>>> print(open('target38.txt').read())   # compact mmCIF, C-alpha atoms
# COMPACT_ATOMS: atom_id res chain seq x y z
CA MET A 9 -11.31 -14.60 66.51
CA ALA A 10 -8.87 -13.76 63.74
CA ARG A 11 -5.20 -14.65 64.17
CA ILE A 12 -2.26 -12.79 62.74
CA ILE A 13 0.67 -14.95 61.70
CA VAL A 14 4.04 -13.44 60.85
CA VAL A 15 6.43 -15.43 58.68
CA THR A 16 9.88 -14.16 59.56
CA SER A 17 13.54 -15.18 59.73
CA GLY A 18 15.94 -12.26 59.89
CA LYS A 19 18.04 -13.74 57.11
CA GLY A 20 17.05 -13.42 53.48
CA GLY A 21 16.57 -16.24 50.99
CA VAL A 22 15.51 -18.88 53.50
CA GLY A 23 11.98 -19.31 52.14
CA LYS A 24 9.76 -16.74 53.85
CA THR A 25 7.71 -15.86 50.78
CA THR A 26 7.49 -19.48 49.64
CA THR A 27 6.26 -20.36 53.13
CA SER A 28 3.81 -17.45 53.36
CA ALA A 29 2.27 -18.39 50.03
CA ALA A 30 2.08 -22.07 50.92
CA ILE A 31 0.56 -21.76 54.37
CA ALA A 32 -1.88 -19.02 53.33
CA MET A 33 -3.07 -21.28 50.51
CA GLY A 34 -3.20 -24.26 52.87
CA LEU A 35 -5.33 -22.43 55.43
CA ALA A 36 -7.65 -21.09 52.73
CA LYS A 37 -8.01 -24.51 51.08
CA ARG A 38 -9.14 -25.89 54.43
CA GLY A 39 -11.98 -23.39 54.35
CA HIS A 40 -10.58 -20.56 56.46
CA LYS A 41 -10.86 -17.14 54.90
CA THR A 42 -7.26 -15.96 54.71
CA ALA A 43 -5.42 -12.81 53.67
CA VAL A 44 -1.70 -12.78 52.92
CA ILE A 45 0.15 -9.46 53.06
CA ASP A 46 3.49 -8.61 51.51
CA PHE A 47 5.43 -6.32 53.89
CA ASP A 48 8.47 -6.05 51.63
CA VAL A 49 7.91 -2.48 50.46
CA GLY A 50 10.10 -1.66 47.48
CA LEU A 51 10.85 -5.31 46.70
CA ARG A 52 7.48 -6.96 46.36
CA ASN A 53 7.56 -10.59 45.28
CA LEU A 54 4.67 -12.36 46.93
CA ASP A 55 2.50 -11.42 43.90
CA LEU A 56 4.90 -13.35 41.64
CA ILE A 57 4.96 -16.43 43.88
CA MET A 58 1.15 -16.35 44.06
CA GLY A 59 0.89 -15.83 40.29
CA CYS A 60 -1.15 -12.62 40.48
CA GLU A 61 1.50 -10.09 39.44
CA ARG A 62 -0.52 -8.90 36.44
CA ARG A 63 -3.59 -8.22 38.52
CA VAL A 64 -1.99 -5.76 40.93
CA VAL A 65 -3.73 -2.39 40.70
CA TYR A 66 -3.52 -0.94 44.19
CA ASP A 67 -1.20 -1.90 47.02
CA PHE A 68 -0.71 -1.81 50.77
CA VAL A 69 0.65 1.76 50.78
CA ASN A 70 -2.26 3.03 48.62
CA VAL A 71 -4.65 1.71 51.27
CA ILE A 72 -2.69 3.23 54.15
CA ASN A 73 -2.65 6.59 52.36
CA GLY A 74 -6.36 6.39 51.64
CA GLU A 75 -5.84 6.31 47.85
CA ALA A 76 -7.74 3.03 47.61
CA THR A 77 -10.05 0.99 49.80
CA LEU A 78 -8.96 -2.33 51.22
CA ASN A 79 -11.47 -4.11 48.99
CA GLN A 80 -10.02 -2.45 45.90
CA ALA A 81 -6.49 -3.51 46.79
CA LEU A 82 -7.16 -7.11 47.85
CA ILE A 83 -6.68 -9.58 45.01
CA ARG A 84 -8.76 -12.74 45.11
CA ASP A 85 -6.64 -15.80 44.40
CA LYS A 86 -7.36 -17.62 41.14
CA ASN A 87 -7.12 -21.09 42.73
CA CYS A 88 -9.01 -20.53 45.94
CA ASN A 89 -11.84 -18.09 46.59
CA GLN A 90 -11.11 -18.04 50.32
CA LEU A 91 -7.68 -16.49 49.76
CA TYR A 92 -6.85 -12.82 49.19
CA ILE A 93 -3.50 -11.17 48.54
CA LEU A 94 -2.51 -7.66 49.56
CA PRO A 95 0.58 -6.75 47.53
CA ALA A 96 3.41 -4.52 48.73
CA SER A 97 4.11 -1.19 47.14
CA GLN A 98 7.09 -0.74 44.85
CA THR A 99 7.76 2.71 46.26
CA ARG A 100 11.29 3.53 47.35
CA ASP A 101 10.01 5.58 50.25
CA LYS A 102 11.18 3.66 53.32
CA ASP A 103 8.67 5.37 55.57
CA ALA A 104 5.65 4.49 53.48
CA LEU A 105 4.40 2.10 56.16
CA SER A 106 3.50 3.46 59.58
CA GLN A 107 2.64 1.54 62.72
CA GLU A 108 -0.76 3.21 62.99
CA GLY A 109 -1.52 2.65 59.30
CA VAL A 110 -0.64 -1.04 59.49
CA GLY A 111 -2.64 -1.42 62.71
CA LYS A 112 -5.71 0.12 61.14
CA ILE A 113 -5.58 -2.18 58.10
CA LEU A 114 -5.06 -5.27 60.25
CA ASP A 115 -8.02 -4.28 62.45
CA GLU A 116 -10.18 -3.95 59.36
CA LEU A 117 -9.00 -7.30 57.99
CA LYS A 118 -9.67 -8.99 61.33
CA LYS A 119 -13.39 -8.30 60.98
CA ASP A 120 -13.61 -10.35 57.82
CA PHE A 121 -10.75 -12.87 57.83
CA LYS A 122 -9.87 -15.85 60.01
CA TYR A 123 -6.14 -15.79 59.33
CA ILE A 124 -3.89 -12.93 58.29
CA VAL A 125 -0.46 -14.03 57.12
CA CYS A 126 2.23 -11.33 57.16
CA ASP A 127 5.16 -12.04 54.86
CA SER A 128 8.08 -10.23 56.49
CA PRO A 129 10.98 -8.75 54.54
CA ALA A 130 14.50 -9.88 55.48
CA GLY A 131 16.50 -7.88 57.99
CA ILE A 132 15.39 -6.12 61.16
CA GLU A 133 14.43 -2.76 59.66
CA LYS A 134 11.05 -1.08 59.68
CA GLY A 135 9.25 -3.48 57.31
CA ALA A 136 10.30 -6.52 59.35
CA HIS A 137 9.41 -4.72 62.56
CA LEU A 138 5.91 -3.83 61.34
CA ALA A 139 5.29 -7.31 59.94
CA MET A 140 5.81 -8.87 63.39
CA TYR A 141 4.52 -6.04 65.61
CA TYR A 142 0.84 -7.05 65.70
CA ALA A 143 1.39 -10.83 65.38
CA ASP A 144 -0.27 -13.52 67.51
CA ASP A 145 1.83 -16.35 66.07
CA ALA A 146 5.30 -16.33 64.53
CA PHE A 147 6.58 -18.86 62.01
CA ILE A 148 10.38 -18.70 62.18
CA VAL A 149 11.74 -20.00 58.88
CA THR A 150 15.26 -21.29 59.40
CA ASN A 151 17.76 -23.11 57.20
CA PRO A 152 20.11 -25.62 58.85
CA GLU A 153 23.00 -23.24 58.41
CA VAL A 154 24.93 -21.08 60.90
CA SER A 155 23.98 -17.60 59.71
CA SER A 156 20.31 -18.46 59.41
CA VAL A 157 20.16 -20.00 62.90
CA ARG A 158 21.90 -17.01 64.43
CA ASP A 159 19.57 -14.54 62.70
CA SER A 160 16.54 -16.57 63.80
CA ASP A 161 17.69 -16.29 67.39
CA ARG A 162 18.10 -12.55 66.94
CA MET A 163 14.56 -12.40 65.57
CA LEU A 164 13.26 -14.31 68.61
CA GLY A 165 14.78 -11.63 70.81
CA ILE A 166 12.97 -8.93 68.84
CA LEU A 167 9.65 -10.81 68.96
CA SER A 168 9.87 -11.10 72.72
CA SER A 169 10.75 -7.47 73.36
CA LYS A 170 9.53 -5.24 70.52
CA SER A 171 6.14 -6.68 69.58
CA ARG A 172 2.79 -5.24 70.65
CA ARG A 173 2.16 -8.23 72.90
CA ALA A 174 5.52 -7.69 74.60
CA GLU A 175 5.04 -3.95 74.97
CA GLN A 176 1.57 -4.35 76.46
CA ASN A 177 2.56 -7.27 78.70
CA GLU A 178 0.10 -9.60 77.05
CA GLU A 179 0.57 -13.31 76.51
CA PRO A 180 3.71 -13.59 74.33
CA ILE A 181 3.63 -14.38 70.62
CA LYS A 182 3.50 -18.15 69.98
CA GLU A 183 6.70 -19.07 68.16
CA TYR A 184 7.07 -22.03 65.80
CA LEU A 185 10.11 -23.37 63.99
CA LEU A 186 9.91 -24.25 60.29
CA LEU A 187 13.18 -25.81 59.20
CA SER A 188 13.47 -25.46 55.43
CA ARG A 189 15.90 -26.62 52.74
CA TYR A 190 16.68 -29.70 54.81
CA SER A 191 18.81 -32.49 53.34
CA PRO A 192 18.65 -35.68 55.45
CA ASP A 193 21.49 -37.16 53.39
CA ARG A 194 23.85 -34.36 54.30
CA VAL A 195 22.76 -34.49 57.94
CA LYS A 196 23.63 -38.19 57.99
CA LEU A 197 27.07 -37.38 56.58
CA GLY A 198 27.65 -34.81 59.30
CA GLU A 199 27.65 -31.98 56.78
CA MET A 200 24.48 -30.26 57.93
CA LEU A 201 22.95 -29.30 61.28
CA SER A 202 20.20 -31.75 62.22
CA VAL A 203 16.67 -30.91 63.38
CA GLU A 204 17.74 -31.74 66.95
CA ASP A 205 20.80 -29.49 66.68
CA VAL A 206 18.72 -26.51 65.58
CA GLN A 207 16.10 -27.22 68.25
CA ASP A 208 18.80 -27.49 70.92
CA ILE A 209 20.08 -24.06 69.98
CA LEU A 210 16.80 -22.22 69.44
CA SER A 211 14.54 -24.21 71.84
CA LEU A 212 11.52 -23.73 69.62
CA HIS A 213 8.48 -25.88 68.99
CA LEU A 214 9.01 -27.62 65.63
CA LEU A 215 6.05 -27.16 63.31
CA GLY A 216 7.68 -28.99 60.44
CA VAL A 217 10.67 -29.75 58.26
CA ILE A 218 10.59 -28.79 54.58
CA PRO A 219 13.08 -30.79 52.54
CA GLU A 220 15.32 -29.22 49.91
CA SER A 221 13.17 -29.79 46.85
CA LYS A 222 13.10 -29.14 43.14
CA SER A 223 9.38 -28.57 43.35
CA VAL A 224 9.89 -25.19 45.09
CA LEU A 225 11.57 -23.63 42.05
CA ASN A 226 9.09 -25.26 39.71
CA ALA A 227 6.26 -23.80 41.77
CA SER A 228 7.68 -20.29 41.79
CA ASN A 229 8.43 -20.51 38.06
CA SER A 230 4.77 -21.10 37.41
CA GLY A 231 3.32 -18.82 40.09
CA MET A 232 1.61 -21.61 42.02
CA PRO A 233 2.19 -21.95 45.76
CA VAL A 234 4.11 -25.21 46.22
CA ILE A 235 1.42 -26.62 48.54
CA LEU A 236 -0.80 -27.04 45.45
CA ASP A 237 1.74 -29.54 44.11
CA GLU A 238 0.31 -32.30 46.26
CA LYS A 239 2.63 -34.96 44.89
CA SER A 240 5.79 -33.07 45.81
CA ASP A 241 7.66 -33.57 49.07
CA ALA A 242 7.75 -29.84 49.84
CA GLY A 243 4.03 -29.53 49.07
CA GLN A 244 3.24 -32.38 51.46
CA ALA A 245 5.56 -30.92 54.10
CA TYR A 246 3.63 -27.64 53.98
CA ALA A 247 0.29 -29.46 54.07
CA ASP A 248 1.44 -31.25 57.25
CA ILE A 249 2.55 -27.93 58.72
CA VAL A 250 -0.86 -26.35 58.12
CA ASP A 251 -2.60 -29.38 59.67
CA ARG A 252 -0.33 -29.32 62.71
CA TYR A 253 -0.87 -25.59 63.14
CA LEU A 254 -4.61 -26.24 63.10
CA GLY A 255 -4.15 -28.74 65.91
CA GLU A 256 -4.12 -32.05 64.07
CA GLU A 257 -1.64 -34.81 64.82
CA ARG A 258 0.77 -35.43 61.97
CA PRO A 259 3.96 -37.45 62.48
CA HIS A 260 7.05 -35.58 61.31
CA ARG A 261 8.29 -36.58 57.88
CA PHE A 262 11.26 -35.72 55.65
CA ILE A 263 13.68 -35.89 58.59
CA ASP A 264 15.20 -39.22 57.64
CA GLU A 265 16.83 -39.98 54.33
CA ASP A 266 15.34 -42.15 51.63
CA LYS A 267 16.72 -45.63 51.86
CA GLY A 268 18.03 -46.09 48.37
CA PHE A 269 19.54 -49.24 46.98
CA PHE A 270 23.13 -48.23 47.70
CA ARG A 271 22.38 -47.18 51.26
CA LYS A 272 20.80 -50.55 51.97
CA LEU A 273 23.84 -52.20 50.47
CA PHE A 274 26.23 -50.21 52.63
CA GLY A 275 24.27 -50.60 55.82
CA GLY A 276 21.88 -47.71 56.15
CA LYS A 277 19.61 -48.17 59.15
CA MET B 4 26.25 -49.43 62.79
CA SER B 5 27.89 -50.11 59.46
CA LEU B 6 31.55 -49.85 58.56
CA LEU B 7 30.82 -46.63 56.66
CA ASP B 8 29.31 -45.00 59.74
CA TYR B 9 32.43 -45.84 61.71
CA PHE B 10 34.64 -43.89 59.35
CA LYS B 11 32.25 -40.95 59.31
CA ILE B 12 32.37 -40.56 63.08
CA SER B 13 36.14 -40.83 63.28
CA LYS B 14 36.63 -37.40 61.74
CA ALA B 15 34.90 -34.41 63.38
CA SER B 16 31.93 -33.41 61.26
CA THR B 17 31.46 -29.83 60.17
CA ALA B 18 27.89 -29.99 61.50
CA SER B 19 29.09 -30.59 65.07
CA LEU B 20 31.56 -27.74 64.63
CA ALA B 21 28.69 -25.52 63.50
CA LYS B 22 26.58 -26.51 66.48
CA GLU B 23 29.37 -25.82 68.95
CA ARG B 24 30.09 -22.39 67.47
CA LEU B 25 26.41 -21.49 67.44
CA GLN B 26 25.81 -22.57 71.02
CA ILE B 27 28.60 -20.33 72.31
CA LEU B 28 27.57 -17.40 70.12
CA VAL B 29 23.87 -17.60 70.85
CA ALA B 30 24.44 -17.87 74.62
CA HIS B 31 26.63 -14.78 74.50
CA GLU B 32 24.19 -12.78 72.38
CA ARG B 33 21.26 -13.74 74.58
CA SER B 34 22.99 -12.57 77.74
CA SER B 35 23.70 -9.14 76.29
CA ARG B 36 20.19 -8.95 74.80
CA ASN B 37 18.59 -9.10 78.25
CA GLN B 38 20.53 -6.13 79.53
CA PRO B 39 18.52 -2.97 80.05
CA SER B 40 19.07 -0.47 77.25
CA TYR B 41 20.31 2.24 79.63
CA LEU B 42 23.21 0.07 80.80
CA PRO B 43 25.97 1.24 78.42
CA GLN B 44 25.19 4.92 79.05
CA MET B 45 24.98 4.40 82.82
CA GLN B 46 28.26 2.54 82.73
CA LYS B 47 29.92 5.46 80.95
CA GLU B 48 28.57 8.01 83.42
CA LEU B 49 29.52 5.90 86.44
CA LEU B 50 33.05 5.64 85.13
CA ALA B 51 33.25 9.39 84.64
CA VAL B 52 32.08 10.06 88.20
CA ILE B 53 34.48 7.55 89.75
CA ARG B 54 37.43 8.84 87.79
CA LYS B 55 36.67 12.35 88.93
CA TYR B 56 37.59 11.32 92.47
CA ILE B 57 39.84 8.34 92.08
CA ASN B 58 42.73 8.13 89.70
CA VAL B 59 42.13 4.77 88.12
CA GLY B 60 42.47 3.54 84.60
CA GLN B 61 39.60 2.32 82.46
CA GLU B 62 40.72 -1.28 82.95
CA ALA B 63 40.53 -1.02 86.75
CA ILE B 64 36.78 -0.74 86.62
CA SER B 65 34.45 -3.51 85.56
CA VAL B 66 30.68 -3.48 85.39
CA SER B 67 28.59 -6.59 85.01
CA PHE B 68 24.88 -7.15 84.87
CA GLU B 69 23.31 -10.45 85.77
CA GLN B 70 19.77 -11.61 85.76
CA ASP B 71 18.12 -14.71 87.16
CA GLU B 72 14.58 -15.80 87.97
CA ASP B 73 13.76 -13.21 90.60
CA GLN B 74 16.54 -10.66 90.79
CA GLU B 75 18.81 -8.46 88.76
CA THR B 76 22.30 -7.69 89.97
CA LEU B 77 24.46 -4.83 88.87
CA GLU B 78 28.01 -5.41 89.98
CA LEU B 79 30.56 -2.62 89.95
CA ASN B 80 34.13 -3.60 90.65
CA ILE B 81 36.88 -1.04 91.17
CA VAL B 82 40.48 -1.96 91.81
CA LEU B 83 41.88 0.88 93.91
CA PRO B 84 45.39 2.13 93.16
CA ASP B 85 48.03 2.54 95.91
CA LEU B 86 47.46 6.30 96.14
CA PRO B 87 43.77 6.71 95.58
CA ILE B 88 43.24 10.39 96.36
CA LYS B 89 43.72 12.93 93.64
CA ASN B 90 45.04 16.38 94.65
CA THR B 91 42.25 18.83 94.15
>>> encode(input="target38.txt", output="structure tokens")
Amino acid sequence: MARIIVVTSGKGGVGKTTTSAAIAMGLAKRGHKTAVIDFDVGLRNLDLIMGCERRVVYDFVNVINGEATLNQALIRDKNCNQLYILPASQTRDKDALSQEGVGKILDELKKDFKYIVCDSPAGIEKGAHLAMYYADDAFIVTNPEVSSVRDSDRMLGILSSKSRRAEQNEEPIKEYLLLSRYSPDRVKLGEMLSVEDVQDILSLHLLGVIPESKSVLNASNSGMPVILDEKSDAGQAYADIVDRYLGEERPHRFIDEDKGFFRKLFGGK
Amino acid sequence: MSLLDYFKISKASTASLAKERLQILVAHERSSRNQPSYLPQMQKELLAVIRKYINVGQEAISVSFEQDEDQETLELNIVLPDLPIKNT
């Protein structure tokens, strides 16, 4: 049975697209046929992060409007033949996506794919609403920062009241916390909310912590999902997240700071 | 605990400030989120009806909605003035 995952946050710039690209690649690399859909109509960027921006011919809206078939619009990833990308349209028409249209495409994808990852736009407007509406699982990407945590909580409220599962009184969407741009050093100094702080406030199941990392910008510069950078901390964090999501036991990493020479000298634990 | 840690704890960290502010805010936003969507409109109409018969100010009426495990309570509180009946 196919599962639909929405990657959402409310707030912009927290790492939704980075996360969508990474987990879609991770799931596909583990042999599960995966599609990743960009719901940010008018501001598409998933194609850039996935490095397929020059191969976009048709998009999501073309398929909804019947101007192209799903197979024509899906782009096969260059690194993994189990992964397909459905780019967003660059149209400025806000109503280009409809609930019925999105539902029809997802139903069609479900026949052929194991996982469908929906990259939500920021905000709580139509695109964000449609990205989460049909979801089975929600990855809430949050930064340890007040506005991001508040917006995540707002998003949780929307997931539990406005989604298809909520409207039809089905089992609620499974919600997972992905805490990104985490700096253990700053947490130790009392300058940043800790994992426990954020969990206390949001009461969510923690799927993983992604440390603040230079590798994320390097990955987006080159159009390679960061999970392919297996040596990087962020790449490993996403790999752990995919494994945990698939039910494997992985101890949490990147929560405690590196014990550098100076910290040892000054009594780090 | 090292000497450095001791100094860190002695001044309130901005992270704990952030957590405190968020906890208050999120609790408040969650309580209003669970209210039924018709509540504000109903509140307005109730007020209009009451003020048709009783001469009270806006501040004399309070409406609160509470929800727990198995029941929802709508509480309407009106502070009656000394001369409650309007001449009609």
>>> closest_atom_pairs(input="target38.txt", of="chain B", to="chain A", cutoff="7 Å", atoms="only C-alpha atoms", output="CSV")
residue,atom,partner,partner_atom,distance
B:Ser5,CA,A:Gly275,CA,5.2
B:Lys11,CA,A:Leu197,CA,6.9
B:Ser16,CA,A:Gly198,CA,4.9
B:Thr17,CA,A:Glu199,CA,5.5
B:Ala18,CA,A:Met200,CA,4.9
B:Ala21,CA,A:Val154,CA,6.4
B:Lys22,CA,A:Asp205,CA,6.5
B:Leu25,CA,A:Val154,CA,6.7
B:Gln26,CA,A:Ile209,CA,6.0
B:Val29,CA,A:Arg158,CA,6.7
>>> atom_distance(input="target38.txt", atom1="atom CA of Asp115 of chain A", atom2="atom CA of Tyr142 of chain A")
9.8 Å
>>> atom_distance(input="target38.txt", atom1="atom CA of Ser128 of chain A", atom2="atom CA of Ala143 of chain A")
11.1 Å
>>> closest_residue(input="target38.txt", among="B:Ser67, B:Asn58, B:Asn80, B:Gln74", to="Ser34 of chain B", atoms="only C-alpha atoms")
B:Ser67
>>> decode(input="target38.txt", residues="segment 59-70 of chain B", atoms="all heavy atoms", output="PDB file, in the first residue's frame")
ATOM      1  N   VAL B  59     -27.323  46.327  29.452  1.00  0.00           N
ATOM      2  CA  VAL B  59     -25.982  46.079  30.001  1.00  0.00           C
ATOM      3  C   VAL B  59     -24.918  46.444  28.969  1.00  0.00           C
ATOM      4  O   VAL B  59     -25.174  46.432  27.763  1.00  0.00           O
ATOM      5  CB  VAL B  59     -25.786  44.601  30.411  1.00  0.00           C
ATOM      6  CG1 VAL B  59     -26.606  44.247  31.633  1.00  0.00           C
ATOM      7  CG2 VAL B  59     -26.094  43.676  29.260  1.00  0.00           C
ATOM      8  N   GLY B  60     -23.781  46.777  29.479  1.00  0.00           N
ATOM      9  CA  GLY B  60     -22.667  47.096  28.579  1.00  0.00           C
ATOM     10  C   GLY B  60     -22.004  45.825  28.075  1.00  0.00           C
ATOM     11  O   GLY B  60     -22.229  44.732  28.607  1.00  0.00           O
ATOM     12  N   GLN B  61     -21.206  45.991  27.052  1.00  0.00           N
ATOM     13  CA  GLN B  61     -20.478  44.884  26.439  1.00  0.00           C
ATOM     14  C   GLN B  61     -19.644  44.128  27.474  1.00  0.00           C
ATOM     15  O   GLN B  61     -19.562  42.915  27.477  1.00  0.00           O
ATOM     16  CB  GLN B  61     -19.548  45.457  25.359  1.00  0.00           C
ATOM     17  CG  GLN B  61     -18.965  44.440  24.430  1.00  0.00           C
ATOM     18  CD  GLN B  61     -19.823  44.313  23.170  1.00  0.00           C
ATOM     19  OE1 GLN B  61     -20.834  44.988  22.996  1.00  0.00           O
ATOM     20  NE2 GLN B  61     -19.404  43.431  22.297  1.00  0.00           N
ATOM     21  N   GLU B  62     -19.062  44.918  28.404  1.00  0.00           N
ATOM     22  CA  GLU B  62     -18.114  44.324  29.367  1.00  0.00           C
ATOM     23  C   GLU B  62     -18.822  43.530  30.465  1.00  0.00           C
ATOM     24  O   GLU B  62     -18.195  42.792  31.202  1.00  0.00           O
ATOM     25  CB  GLU B  62     -17.198  45.408  29.956  1.00  0.00           C
ATOM     26  CG  GLU B  62     -17.863  46.438  30.859  1.00  0.00           C
ATOM     27  CD  GLU B  62     -18.719  47.447  30.058  1.00  0.00           C
ATOM     28  OE1 GLU B  62     -18.594  47.497  28.802  1.00  0.00           O
ATOM     29  OE2 GLU B  62     -19.500  48.168  30.671  1.00  0.00           O
ATOM     30  N   ALA B  63     -20.169  43.681  30.557  1.00  0.00           N
ATOM     31  CA  ALA B  63     -20.904  42.970  31.598  1.00  0.00           C
ATOM     32  C   ALA B  63     -21.217  41.531  31.180  1.00  0.00           C
ATOM     33  O   ALA B  63     -21.726  40.753  31.955  1.00  0.00           O
ATOM     34  CB  ALA B  63     -22.196  43.701  31.929  1.00  0.00           C
ATOM     35  N   ILE B  64     -20.922  41.222  29.956  1.00  0.00           N
ATOM     36  CA  ILE B  64     -21.226  39.886  29.457  1.00  0.00           C
ATOM     37  C   ILE B  64     -19.935  39.162  29.089  1.00  0.00           C
ATOM     38  O   ILE B  64     -19.091  39.706  28.373  1.00  0.00           O
ATOM     39  CB  ILE B  64     -22.127  39.955  28.200  1.00  0.00           C
ATOM     40  CG1 ILE B  64     -23.411  40.716  28.510  1.00  0.00           C
ATOM     41  CG2 ILE B  64     -22.438  38.562  27.692  1.00  0.00           C
ATOM     42  CD1 ILE B  64     -24.219  41.060  27.299  1.00  0.00           C
ATOM     43  N   SER B  65     -19.775  37.953  29.591  1.00  0.00           N
ATOM     44  CA  SER B  65     -18.610  37.192  29.168  1.00  0.00           C
ATOM     45  C   SER B  65     -19.024  35.790  28.731  1.00  0.00           C
ATOM     46  O   SER B  65     -19.899  35.180  29.328  1.00  0.00           O
ATOM     47  CB  SER B  65     -17.579  37.126  30.292  1.00  0.00           C
ATOM     48  OG  SER B  65     -18.074  36.330  31.329  1.00  0.00           O
ATOM     49  N   VAL B  66     -18.416  35.335  27.667  1.00  0.00           N
ATOM     50  CA  VAL B  66     -18.716  34.011  27.137  1.00  0.00           C
ATOM     51  C   VAL B  66     -17.432  33.198  27.147  1.00  0.00           C
ATOM     52  O   VAL B  66     -16.391  33.682  26.721  1.00  0.00           O
ATOM     53  CB  VAL B  66     -19.243  34.100  25.682  1.00  0.00           C
ATOM     54  CG1 VAL B  66     -19.595  32.724  25.162  1.00  0.00           C
ATOM     55  CG2 VAL B  66     -20.437  35.030  25.602  1.00  0.00           C
ATOM     56  N   SER B  67     -17.502  31.998  27.685  1.00  0.00           N
ATOM     57  CA  SER B  67     -16.299  31.165  27.600  1.00  0.00           C
ATOM     58  C   SER B  67     -16.670  29.752  27.180  1.00  0.00           C
ATOM     59  O   SER B  67     -17.761  29.266  27.476  1.00  0.00           O
ATOM     60  CB  SER B  67     -15.558  31.154  28.932  1.00  0.00           C
ATOM     61  OG  SER B  67     -16.250  30.344  29.846  1.00  0.00           O
ATOM     62  N   PHE B  68     -15.755  29.145  26.468  1.00  0.00           N
ATOM     63  CA  PHE B  68     -15.990  27.799  25.960  1.00  0.00           C
ATOM     64  C   PHE B  68     -14.904  26.894  26.495  1.00  0.00           C
ATOM     65  O   PHE B  68     -13.718  27.199  26.361  1.00  0.00           O
ATOM     66  CB  PHE B  68     -15.971  27.825  24.436  1.00  0.00           C
ATOM     67  CG  PHE B  68     -16.204  26.474  23.811  1.00  0.00           C
ATOM     68  CD1 PHE B  68     -17.489  26.001  23.629  1.00  0.00           C
ATOM     69  CD2 PHE B  68     -15.130  25.686  23.418  1.00  0.00           C
ATOM     70  CE1 PHE B  68     -17.703  24.762  23.057  1.00  0.00           C
ATOM     71  CE2 PHE B  68     -15.344  24.446  22.848  1.00  0.00           C
ATOM     72  CZ  PHE B  68     -16.631  23.981  22.666  1.00  0.00           C
ATOM     73  N   GLU B  69     -15.287  25.809  27.126  1.00  0.00           N
ATOM     74  CA  GLU B  69     -14.279  24.889  27.631  1.00  0.00           C
ATOM     75  C   GLU B  69     -14.558  23.472  27.170  1.00  0.00           C
ATOM     76  O   GLU B  69     -15.704  23.096  26.959  1.00  0.00           O
ATOM     77  CB  GLU B  69     -14.221  24.947  29.156  1.00  0.00           C
ATOM     78  CG  GLU B  69     -13.222  25.985  29.644  1.00  0.00           C
ATOM     79  CD  GLU B  69     -13.392  26.296  31.104  1.00  0.00           C
ATOM     80  OE1 GLU B  69     -13.625  25.361  31.877  1.00  0.00           O
ATOM     81  OE2 GLU B  69     -13.295  27.483  31.470  1.00  0.00           O
ATOM     82  N   GLN B  70     -13.488  22.747  27.035  1.00  0.00           N
ATOM     83  CA  GLN B  70     -13.617  21.406  26.491  1.00  0.00           C
ATOM     84  C   GLN B  70     -12.729  20.470  27.291  1.00  0.00           C
ATOM     85  O   GLN B  70     -11.574  20.779  27.545  1.00  0.00           O
ATOM     86  CB  GLN B  70     -13.123  21.442  25.039  1.00  0.00           C
ATOM     87  CG  GLN B  70     -13.575  20.300  24.210  1.00  0.00           C
ATOM     88  CD  GLN B  70     -13.188  20.518  22.746  1.00  0.00           C
ATOM     89  OE1 GLN B  70     -12.195  21.176  22.443  1.00  0.00           O
ATOM     90  NE2 GLN B  70     -13.960  19.957  21.838  1.00  0.00           N
TER      91      GLN B  70
END
